[in-house]
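Data file: data_13.cif. Format and content: mmCIF, C-alpha atoms and all ligand atoms.
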data_input
#
loop_
_atom_site.group_PDB
_atom_site.id
_atom_site.type_symbol
_atom_site.label_atom_id
_atom_site.label_comp_id
_atom_site.auth_asym_id
_atom_site.auth_seq_id
_atom_site.Cartn_x
_atom_site.Cartn_y
_atom_site.Cartn_z
ATOM 1 C CA MET A 1 0.000 0.000 0.000
ATOM 2 C CA LEU A 2 1.578 3.279 -1.106
ATOM 3 C CA GLN A 3 1.959 6.014 1.501
ATOM 4 C CA ALA A 4 3.711 8.744 -0.466
ATOM 5 C CA ALA A 5 5.049 9.825 -3.837
ATOM 6 C CA ILE A 6 8.307 11.618 -4.546
ATOM 7 C CA ILE A 7 8.074 13.533 -7.824
ATOM 8 C CA ASP A 8 10.907 14.880 -9.961
ATOM 9 C CA LEU A 9 10.614 18.453 -11.293
ATOM 10 C CA ASP A 10 12.382 19.181 -14.624
ATOM 11 C CA GLY A 11 10.940 17.017 -17.400
ATOM 12 C CA THR A 12 8.278 15.520 -15.100
ATOM 13 C CA LEU A 13 6.223 18.399 -13.649
ATOM 14 C CA VAL A 14 7.499 21.312 -15.747
ATOM 15 C CA ASP A 15 9.044 21.575 -19.225
ATOM 16 C CA THR A 16 11.984 23.806 -18.293
ATOM 17 C CA LEU A 17 14.111 23.344 -21.398
ATOM 18 C CA GLY A 18 13.420 26.977 -22.392
ATOM 19 C CA ASP A 19 14.626 28.259 -19.016
ATOM 20 C CA PHE A 20 17.815 26.180 -19.148
ATOM 21 C CA SER A 21 18.437 27.284 -22.713
ATOM 22 C CA ALA A 22 17.957 31.007 -21.927
ATOM 23 C CA ALA A 23 20.083 30.875 -18.759
ATOM 24 C CA LEU A 24 22.891 29.018 -20.539
ATOM 25 C CA ALA A 25 22.760 31.380 -23.542
ATOM 26 C CA GLY A 26 23.152 34.365 -21.173
ATOM 27 C CA THR A 27 25.973 32.644 -19.303
ATOM 28 C CA LEU A 28 27.871 31.722 -22.476
ATOM 29 C CA ALA A 29 27.370 35.209 -23.954
ATOM 30 C CA GLU A 30 28.926 36.816 -20.848
ATOM 31 C CA LEU A 31 31.948 34.567 -21.268
ATOM 32 C CA GLY A 32 32.192 35.238 -25.012
ATOM 33 C CA TRP A 33 31.003 31.830 -26.270
ATOM 34 C CA PRO A 34 28.137 30.960 -28.645
ATOM 35 C CA ALA A 35 24.799 29.545 -27.455
ATOM 36 C CA VAL A 36 24.085 25.805 -27.659
ATOM 37 C CA PRO A 37 20.909 24.497 -29.421
ATOM 38 C CA LYS A 38 18.008 23.446 -27.192
ATOM 39 C CA GLU A 39 18.048 19.870 -28.542
ATOM 40 C CA THR A 40 21.652 19.512 -27.367
ATOM 41 C CA ILE A 41 20.937 21.017 -23.933
ATOM 42 C CA GLU A 42 18.040 18.581 -23.458
ATOM 43 C CA GLY A 43 20.540 15.725 -23.226
ATOM 44 C CA PHE A 44 22.497 17.518 -20.483
ATOM 45 C CA ILE A 45 19.540 18.088 -18.089
ATOM 46 C CA GLY A 46 18.856 15.968 -15.023
ATOM 47 C CA LYS A 47 22.224 15.549 -13.335
ATOM 48 C CA GLY A 48 22.353 18.930 -11.612
ATOM 49 C CA THR A 49 23.884 22.317 -12.348
ATOM 50 C CA GLU A 50 27.544 21.313 -12.112
ATOM 51 C CA HIS A 51 27.071 18.593 -14.747
ATOM 52 C CA LEU A 52 25.029 20.960 -16.941
ATOM 53 C CA LEU A 53 27.675 23.689 -16.876
ATOM 54 C CA ARG A 54 30.683 21.407 -17.291
ATOM 55 C CA THR A 55 29.058 19.527 -20.190
ATOM 56 C CA THR A 56 27.963 22.746 -21.894
ATOM 57 C CA LEU A 57 31.439 24.329 -21.607
ATOM 58 C CA ALA A 58 33.049 21.157 -22.980
ATOM 59 C CA HIS A 59 30.507 21.089 -25.833
ATOM 60 C CA VAL A 60 31.417 24.604 -27.047
ATOM 61 C CA GLY A 61 35.123 23.923 -26.545
ATOM 62 C CA ALA A 62 35.585 26.404 -23.688
ATOM 63 C CA PRO A 63 38.415 25.726 -21.200
ATOM 64 C CA ALA A 64 37.490 24.069 -17.891
ATOM 65 C CA SER A 65 38.945 27.131 -16.123
ATOM 66 C CA LEU A 66 35.762 28.993 -17.123
ATOM 67 C CA TYR A 67 33.696 26.745 -14.838
ATOM 68 C CA GLU A 68 33.763 29.108 -11.849
ATOM 69 C CA PRO A 69 32.855 32.294 -13.772
ATOM 70 C CA ALA A 70 30.173 30.266 -15.563
ATOM 71 C CA TRP A 71 28.781 29.071 -12.223
ATOM 72 C CA ASP A 72 28.630 32.675 -10.930
ATOM 73 C CA ALA A 73 26.988 34.018 -14.095
ATOM 74 C CA TYR A 74 24.488 31.139 -14.270
ATOM 75 C CA HIS A 75 23.423 31.583 -10.632
ATOM 76 C CA ARG A 76 22.975 35.319 -11.219
ATOM 77 C CA ILE A 77 21.033 34.892 -14.473
ATOM 78 C CA TYR A 78 18.854 31.849 -13.716
ATOM 79 C CA PRO A 79 16.704 33.526 -11.014
ATOM 80 C CA THR A 80 15.892 36.359 -13.446
ATOM 81 C CA ILE A 81 14.400 33.962 -16.023
ATOM 82 C CA ASN A 82 13.192 31.093 -13.772
ATOM 83 C CA GLY A 83 9.744 29.984 -15.027
ATOM 84 C CA ARG A 84 9.540 32.510 -17.851
ATOM 85 C CA HIS A 85 10.294 30.061 -20.649
ATOM 86 C CA SER A 86 8.764 26.936 -19.121
ATOM 87 C CA GLN A 87 5.336 25.289 -18.984
ATOM 88 C CA VAL A 88 3.622 22.843 -16.652
ATOM 89 C CA TYR A 89 2.995 19.643 -18.633
ATOM 90 C CA PRO A 90 -0.618 18.678 -19.474
ATOM 91 C CA GLY A 91 -2.178 16.477 -16.782
ATOM 92 C CA VAL A 92 0.192 17.556 -13.997
ATOM 93 C CA ALA A 93 -2.268 19.584 -11.899
ATOM 94 C CA GLU A 94 -4.919 16.854 -12.223
ATOM 95 C CA GLY A 95 -2.427 14.037 -11.623
ATOM 96 C CA VAL A 96 -0.999 15.642 -8.505
ATOM 97 C CA ALA A 97 -4.525 16.290 -7.179
ATOM 98 C CA GLN A 98 -5.421 12.618 -7.802
ATOM 99 C CA LEU A 99 -2.372 11.368 -5.904
ATOM 100 C CA ARG A 100 -3.272 13.586 -2.954
ATOM 101 C CA ALA A 101 -6.921 12.494 -3.129
ATOM 102 C CA ALA A 102 -5.653 8.880 -2.964
ATOM 103 C CA GLY A 103 -4.131 9.777 0.412
ATOM 104 C CA LEU A 104 -0.494 9.996 -0.705
ATOM 105 C CA ARG A 105 1.848 12.513 0.847
ATOM 106 C CA LEU A 106 3.882 14.334 -1.784
ATOM 107 C CA ALA A 107 7.472 15.529 -1.939
ATOM 108 C CA CYS A 108 9.299 17.103 -4.869
ATOM 109 C CA LEU A 109 12.883 15.892 -5.307
ATOM 110 C CA THR A 110 15.013 17.421 -8.059
ATOM 111 C CA ASN A 111 18.689 17.881 -8.865
ATOM 112 C CA LYS A 112 17.926 21.579 -9.510
ATOM 113 C CA PRO A 113 19.109 23.906 -6.708
ATOM 114 C CA THR A 114 16.445 23.949 -3.968
ATOM 115 C CA GLU A 115 15.797 27.699 -4.150
ATOM 116 C CA PHE A 116 15.284 27.593 -7.947
ATOM 117 C CA ALA A 117 12.914 24.627 -7.484
ATOM 118 C CA ARG A 118 10.828 26.315 -4.773
ATOM 119 C CA GLU A 119 10.540 29.504 -6.829
ATOM 120 C CA LEU A 120 9.520 27.588 -9.971
ATOM 121 C CA LEU A 121 6.849 25.587 -8.115
ATOM 122 C CA ARG A 122 5.502 28.851 -6.624
ATOM 123 C CA ALA A 123 5.465 30.572 -10.024
ATOM 124 C CA LYS A 124 3.613 27.656 -11.601
ATOM 125 C CA GLY A 125 1.015 27.285 -8.814
ATOM 126 C CA LEU A 126 2.304 23.854 -7.755
ATOM 127 C CA ALA A 127 3.995 24.676 -4.437
ATOM 128 C CA GLY A 128 0.925 23.972 -2.284
ATOM 129 C CA ALA A 129 0.771 20.334 -3.417
ATOM 130 C CA PHE A 130 4.147 19.389 -1.905
ATOM 131 C CA GLU A 131 4.879 18.966 1.790
ATOM 132 C CA LEU A 132 8.589 18.909 1.083
ATOM 133 C CA VAL A 133 10.855 20.236 -1.673
ATOM 134 C CA PHE A 134 14.490 19.121 -1.881
ATOM 135 C CA GLY A 135 16.999 20.161 -4.546
ATOM 136 C CA GLY A 136 20.391 18.955 -5.681
ATOM 137 C CA ASP A 137 22.097 21.019 -2.979
ATOM 138 C CA ALA A 138 19.959 19.584 -0.148
ATOM 139 C CA PHE A 139 22.021 16.434 0.527
ATOM 140 C CA GLU A 140 25.630 15.277 0.186
ATOM 141 C CA ARG A 141 24.884 13.415 -3.036
ATOM 142 C CA LYS A 142 22.403 13.785 -5.911
ATOM 143 C CA LYS A 143 20.252 11.321 -7.870
ATOM 144 C CA PRO A 144 21.174 8.721 -9.283
ATOM 145 C CA ASP A 145 22.604 8.109 -5.793
ATOM 146 C CA PRO A 146 19.826 6.683 -3.587
ATOM 147 C CA LEU A 147 20.687 9.025 -0.687
ATOM 148 C CA PRO A 148 18.279 11.860 -1.660
ATOM 149 C CA LEU A 149 15.375 9.401 -1.895
ATOM 150 C CA LEU A 150 16.262 7.715 1.386
ATOM 151 C CA LYS A 151 16.538 11.117 3.119
ATOM 152 C CA THR A 152 13.227 12.238 1.613
ATOM 153 C CA CYS A 153 11.521 9.031 2.796
ATOM 154 C CA ALA A 154 12.994 9.631 6.254
ATOM 155 C CA ALA A 155 11.690 13.222 6.242
ATOM 156 C CA LEU A 156 8.236 11.984 5.185
ATOM 157 C CA GLY A 157 8.395 9.162 7.740
ATOM 158 C CA THR A 158 7.574 6.563 5.055
ATOM 159 C CA LEU A 159 9.215 3.288 4.057
ATOM 160 C CA PRO A 160 10.956 3.273 0.637
ATOM 161 C CA ALA A 161 8.947 0.224 -0.489
ATOM 162 C CA GLN A 162 5.761 2.239 0.137
ATOM 163 C CA THR A 163 7.058 5.445 -1.466
ATOM 164 C CA LEU A 164 6.647 5.805 -5.221
ATOM 165 C CA MET A 165 9.217 7.710 -7.286
ATOM 166 C CA VAL A 166 7.811 9.455 -10.352
ATOM 167 C CA GLY A 167 10.456 10.736 -12.756
ATOM 168 C CA ASP A 168 11.489 11.088 -16.382
ATOM 169 C CA SER A 169 14.933 9.514 -16.632
ATOM 170 C CA SER A 170 17.356 6.682 -15.945
ATOM 171 C CA ASN A 171 18.769 8.964 -13.263
ATOM 172 C CA ASP A 172 15.478 8.926 -11.339
ATOM 173 C CA ALA A 173 14.947 5.197 -11.932
ATOM 174 C CA ALA A 174 18.455 4.232 -10.783
ATOM 175 C CA ALA A 175 18.071 6.248 -7.591
ATOM 176 C CA ALA A 176 14.667 4.669 -6.937
ATOM 177 C CA ARG A 177 15.853 1.105 -7.582
ATOM 178 C CA ALA A 178 18.881 1.569 -5.308
ATOM 179 C CA ALA A 179 16.695 3.068 -2.573
ATOM 180 C CA GLY A 180 14.100 0.281 -2.862
ATOM 181 C CA CYS A 181 11.291 2.574 -4.089
ATOM 182 C CA PRO A 182 8.901 1.547 -6.874
ATOM 183 C CA VAL A 183 9.267 3.852 -9.873
ATOM 184 C CA VAL A 184 7.017 5.106 -12.674
ATOM 185 C CA LEU A 185 8.477 7.128 -15.548
ATOM 186 C CA VAL A 186 6.744 9.734 -17.701
ATOM 187 C CA THR A 187 7.377 9.359 -21.430
ATOM 188 C CA TYR A 188 7.552 13.079 -22.310
ATOM 189 C CA GLY A 189 10.580 14.307 -20.352
ATOM 190 C CA TYR A 190 14.355 14.365 -20.755
ATOM 191 C CA ASN A 191 16.150 11.017 -20.579
ATOM 192 C CA HIS A 192 19.677 12.069 -21.509
ATOM 193 C CA GLY A 193 18.841 11.626 -25.207
ATOM 194 C CA ARG A 194 17.729 7.987 -24.861
ATOM 195 C CA PRO A 195 14.233 6.408 -25.228
ATOM 196 C CA VAL A 196 12.747 6.270 -21.719
ATOM 197 C CA ARG A 197 11.154 2.841 -22.242
ATOM 198 C CA GLU A 198 14.686 1.363 -22.329
ATOM 199 C CA VAL A 199 14.908 2.159 -18.619
ATOM 200 C CA ASP A 200 13.898 -0.467 -16.065
ATOM 201 C CA ALA A 201 10.776 0.812 -14.245
ATOM 202 C CA ASN A 202 7.480 -0.435 -12.792
ATOM 203 C CA GLY A 203 5.504 1.489 -15.415
ATOM 204 C CA TYR A 204 5.514 4.283 -18.004
ATOM 205 C CA VAL A 205 2.828 6.959 -18.391
ATOM 206 C CA ASP A 206 2.091 9.624 -20.982
ATOM 207 C CA SER A 207 0.440 11.783 -18.298
ATOM 208 C CA LEU A 208 0.585 12.032 -14.485
ATOM 209 C CA VAL A 209 -3.156 11.258 -14.416
ATOM 210 C CA ASP A 210 -2.281 7.641 -15.284
ATOM 211 C CA VAL A 211 0.288 7.001 -12.535
ATOM 212 C CA LEU A 212 -1.939 5.010 -10.187
ATOM 213 C CA LYS A 213 -3.434 3.009 -13.091
ATOM 214 C CA VAL A 214 -0.117 1.446 -14.150
ATOM 215 C CA LEU A 215 0.852 0.115 -10.732
HETATM 216 O O1 LIG A 301 19.533 18.663 -13.501
HETATM 217 C C1 LIG A 301 18.721 19.487 -13.037
HETATM 218 O O2 LIG A 301 19.040 20.666 -12.739
HETATM 219 C C2 LIG A 301 17.298 19.106 -12.808
HETATM 220 O O3 LIG A 301 17.037 17.768 -12.929
HETATM 221 P P1 LIG A 301 15.746 17.000 -12.332
HETATM 222 O O4 LIG A 301 14.679 18.021 -11.940
HETATM 223 O O5 LIG A 301 15.287 16.130 -13.478
HETATM 224 O O6 LIG A 301 16.257 16.225 -11.162
#
As structure tokens, please, write out the structure in this file.
Ligand SMILES: O=C(O)COP(=O)(O)O
Amino acid sequence: MLQAAIIDLDGTLVDTLGDFSAALAGTLAELGWPAVPKETIEGFIGKGTEHLLRTTLAHVGAPASLYEPAWDAYHRIYPTINGRHSQVYPGVAEGVAQLRAAGLRLACLTNKPTEFARELLRAKGLAGAFELVFGGDAFERKKPDPLPLLKTCAALGTLPAQTLMVGDSSNDAAAARAAGCPVVLVTYGYNHGRPVREVDANGYVDSLVDVLKVL
């Protein structure tokens, strides 16, 4: 019997590719490098900001020594565009309401910095649905490490086996499997450029409204 659901943010609740793309374009422009196409950035999302910046710099051929100025510029620019170029996916509001109506407690767990995540959920009218919000800077390690899921279960007071992970990528699924949580993946998000149905999961859904049906 499920007690709670832990839901990923980027690629699962909100399509944030436009935000990432705008923030990275601004960051690269400040450093004198060209922007990277959205389709390329999509493959870099999901493993946190450090991975995103390092991969983007390597992609344009910039030296690794630009990582720190890039980090500073990105953290200055991102809050000014957070939510402006992103949309809540169809079915999210209804799906989240259904999970709550089924008696599940909800937490949002993302590799995005916690403050960016809280602000995005507020801007998109989703903050009230989640008892807890944890970002990639909340714990010592990020997904795909199981630690963030185990810590979130501990904060919710639920057992991993009774806590469902809902995500969009192999990163989310690996963390869930290692933590002992069942996992359902949405088919519309960002899976590091790979088909999401290749990933081992308990089910796949085209909309959050179908999550409880596939279990
Ligand atoms: O990598 C990020 O910043 C966000 O990734 P996530 O919301 O899919 O965990």
ask   = Out of A:Arg122, A:Lys38, A:Arg105, A:Lys47, which residue has the shortest atom-to-atom distance to Ser21 in chain A when counting only C-alpha atoms?
value =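 Of A:Arg122, A:Lys38, A:Arg105, A:Lys47, the one nearest Ser21 in chain A, counting only C-alpha atoms, is A:Lys38.
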ask   = Between A:Arg84, A:Lys143, A:His59, A:Lys213, which is the closest to ligand LIG 301 (chain A) once you count all atoms listed in the file?
value =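 The answer is A:Lys143, which sits nearest to ligand LIG 301 (chain A).
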message = Ranking A:Val199, A:Cys108, A:Ile45, A:Ala129 by minimum distance to Val186 in chain A and counting only C-alpha atoms, which one comes first?
response = A:Val199
query = Residues at most 7 Å from Cys181 in chain A, counting all atoms listed in the file, excluding those fewer than 4 positions away in the same chain, as a PyMOL selection string?
reply = chain A and resi 160-165+176-177
message = Just want the residues within 7 Å of ligand LIG 301 (chain A), written as a list in words, counting all atoms listed in the file.
response =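 Sorted by chain and then by number, the residues are Asp8, Leu9, Asp10, Gly11, Ile45, Gly46, Lys47, Gly48, Thr49, Leu52, Leu109, Thr110, Asn111, Lys112, Pro113 and Asp168 of chain A.
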request  = Go ahead and find all residues with at least one atom no further than 12 Å from (24.1, 13.0, -5.8) in the file's coordinates, using only C-alpha atoms; report them as a PyMOL selection string.
outcome  = chain A and resi 46-51+109-112+135-151+171-172+174-175
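What the PyMOL selection byres (((chain A and resi 204) around 9) and not hetatm) matches in the given file is A:Val183, A:Val184, A:Leu185, A:Val186, A:Thr187, A:Val196, A:Arg197, A:Ala201, A:Asn202, A:Gly203, A:Val205, A:Asp206, A:Asp210, A:Val211, A:Val214.
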Restricting the output to C-alpha atoms, write the selected residues as a PDB file, in the frame of the given file.
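Generated output (out-v9.pdb):
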ATOM      1  CA  VAL A 183       9.267   3.852  -9.873  1.00  0.00           C
ATOM      2  CA  VAL A 184       7.017   5.106 -12.674  1.00  0.00           C
ATOM      3  CA  LEU A 185       8.477   7.128 -15.548  1.00  0.00           C
ATOM      4  CA  VAL A 186       6.744   9.734 -17.701  1.00  0.00           C
ATOM      5  CA  THR A 187       7.377   9.359 -21.430  1.00  0.00           C
ATOM      6  CA  VAL A 196      12.747   6.270 -21.719  1.00  0.00           C
ATOM      7  CA  ARG A 197      11.154   2.841 -22.242  1.00  0.00           C
ATOM      8  CA  ALA A 201      10.776   0.812 -14.245  1.00  0.00           C
ATOM      9  CA  ASN A 202       7.480  -0.435 -12.792  1.00  0.00           C
ATOM     10  CA  GLY A 203       5.504   1.489 -15.415  1.00  0.00           C
ATOM     11  CA  VAL A 205       2.828   6.959 -18.391  1.00  0.00           C
ATOM     12  CA  ASP A 206       2.091   9.624 -20.982  1.00  0.00           C
ATOM     13  CA  ASP A 210      -2.281   7.641 -15.284  1.00  0.00           C
ATOM     14  CA  VAL A 211       0.288   7.001 -12.535  1.00  0.00           C
ATOM     15  CA  VAL A 214      -0.117   1.446 -14.150  1.00  0.00           C
TER      16      VAL A 214
END
ask   = How far is it from CA of Leu208 in chain A to CA of Leu99 in chain A, in Å with one decimal?
value =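 Answer for the CA of Leu208 in chain A to CA of Leu99 in chain A separation: 9.1 Å.
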task = Measure the distance from CA of Ala102 in chain A to CA of Gly167 in chain A in Å and round it to one decimal.
result =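 Computing it gives 18.9 Å between the two atoms.
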query = Quick one: of A:Ser169, A:Thr16, A:Asn191, A:Thr27, who's nearest to Tyr89 in chain A, counting all atoms listed in the file?
reply =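 Counting all atoms listed in the file, the residue closest to Tyr89 in chain A is A:Thr16.
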Here's the selection I'm unsure about, the PyMOL selection byres (((chain A and resi 70) around 10) and not hetatm); applied to the file above, which residues does it give, as a CSV table (one decimal) with C-alpha atoms, in the coordinates of the input?
chain,number,residue,atom,x,y,z
A,24,LEU,CA,22.9,29.0,-20.5
A,26,GLY,CA,23.2,34.4,-21.2
A,27,THR,CA,26.0,32.6,-19.3
A,28,LEU,CA,27.9,31.7,-22.5
A,30,GLU,CA,28.9,36.8,-20.8
A,31,LEU,CA,31.9,34.6,-21.3
A,50,GLU,CA,27.5,21.3,-12.1
A,53,LEU,CA,27.7,23.7,-16.9
A,54,ARG,CA,30.7,21.4,-17.3
A,57,LEU,CA,31.4,24.3,-21.6
A,64,ALA,CA,37.5,24.1,-17.9
A,65,SER,CA,38.9,27.1,-16.1
A,66,LEU,CA,35.8,29.0,-17.1
A,67,TYR,CA,33.7,26.7,-14.8
A,68,GLU,CA,33.8,29.1,-11.8
A,69,PRO,CA,32.9,32.3,-13.8
A,71,TRP,CA,28.8,29.1,-12.2
A,72,ASP,CA,28.6,32.7,-10.9
A,73,ALA,CA,27.0,34.0,-14.1
A,74,TYR,CA,24.5,31.1,-14.3
A,75,HIS,CA,23.4,31.6,-10.6
A,76,ARG,CA,23.0,35.3,-11.2
Report as a CSV table (one decimal) with C-alpha atoms, keeping the file's coordinate frame the full result of the PyMOL selection byres (((chain A and resi 3) around 8) and not hetatm) when it is applied to this structure.
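The resulting selection-v3.csv:
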chain,number,residue,atom,x,y,z
A,1,MET,CA,0.0,0.0,0.0
A,2,LEU,CA,1.6,3.3,-1.1
A,4,ALA,CA,3.7,8.7,-0.5
A,5,ALA,CA,5.0,9.8,-3.8
A,103,GLY,CA,-4.1,9.8,0.4
A,104,LEU,CA,-0.5,10.0,-0.7
A,105,ARG,CA,1.8,12.5,0.8
A,158,THR,CA,7.6,6.6,5.1
A,162,GLN,CA,5.8,2.2,0.1
A,163,THR,CA,7.1,5.4,-1.5
task = Using all atoms listed in the file, find the one residue out of A:Ala35, A:Ile7, A:Val14, A:Arg194 that sits nearest to Gly91 in chain A.
result =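 Once distances to Gly91 in chain A are computed over all atoms listed in the file, the minimum belongs to A:Val14.
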ask   = Hey, can you pull every residue with an atom no more than 6 Å from (12.1, 24.3, -0.5), using all atoms listed in the file, and send it as a list in words?
value =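 Residues found, by chain and rising number: Thr114, Arg118, Val133 and Phe134 of chain A.
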Output C-alpha atoms for every residue in that selection, as an mmCIF file, in the frame of the given file.
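Full text of part-v8.cif as output:
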data_model
loop_
_atom_site.group_PDB
_atom_site.id
_atom_site.type_symbol
_atom_site.label_atom_id
_atom_site.label_comp_id
_atom_site.auth_asym_id
_atom_site.auth_seq_id
_atom_site.Cartn_x
_atom_site.Cartn_y
_atom_site.Cartn_z
ATOM 1 C CA THR A 114 16.445 23.949 -3.968
ATOM 2 C CA ARG A 118 10.828 26.315 -4.773
ATOM 3 C CA VAL A 133 10.855 20.236 -1.673
ATOM 4 C CA PHE A 134 14.490 19.121 -1.881
#
key: Point-to-point distance from CA of Phe116 in chain A to CA of Cys153 in chain A, Å rounded to tenths   = 21.8 Å
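Considering the residues A:Leu156, A:Ala123, A:Val209, A:Ala101 and counting all atoms listed in the file, Gln87 in chain A has its shortest atom-to-atom contact with A:Ala123.
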All file atoms of range 189-195 of chain A boxed axis-aligned, 6 Å per side, centre plus edges, as JSON:
{"center_x": 15.1, "center_y": 10.4, "center_z": -22.8, "size_x": 21.1, "size_y": 20.0, "size_z": 16.9}
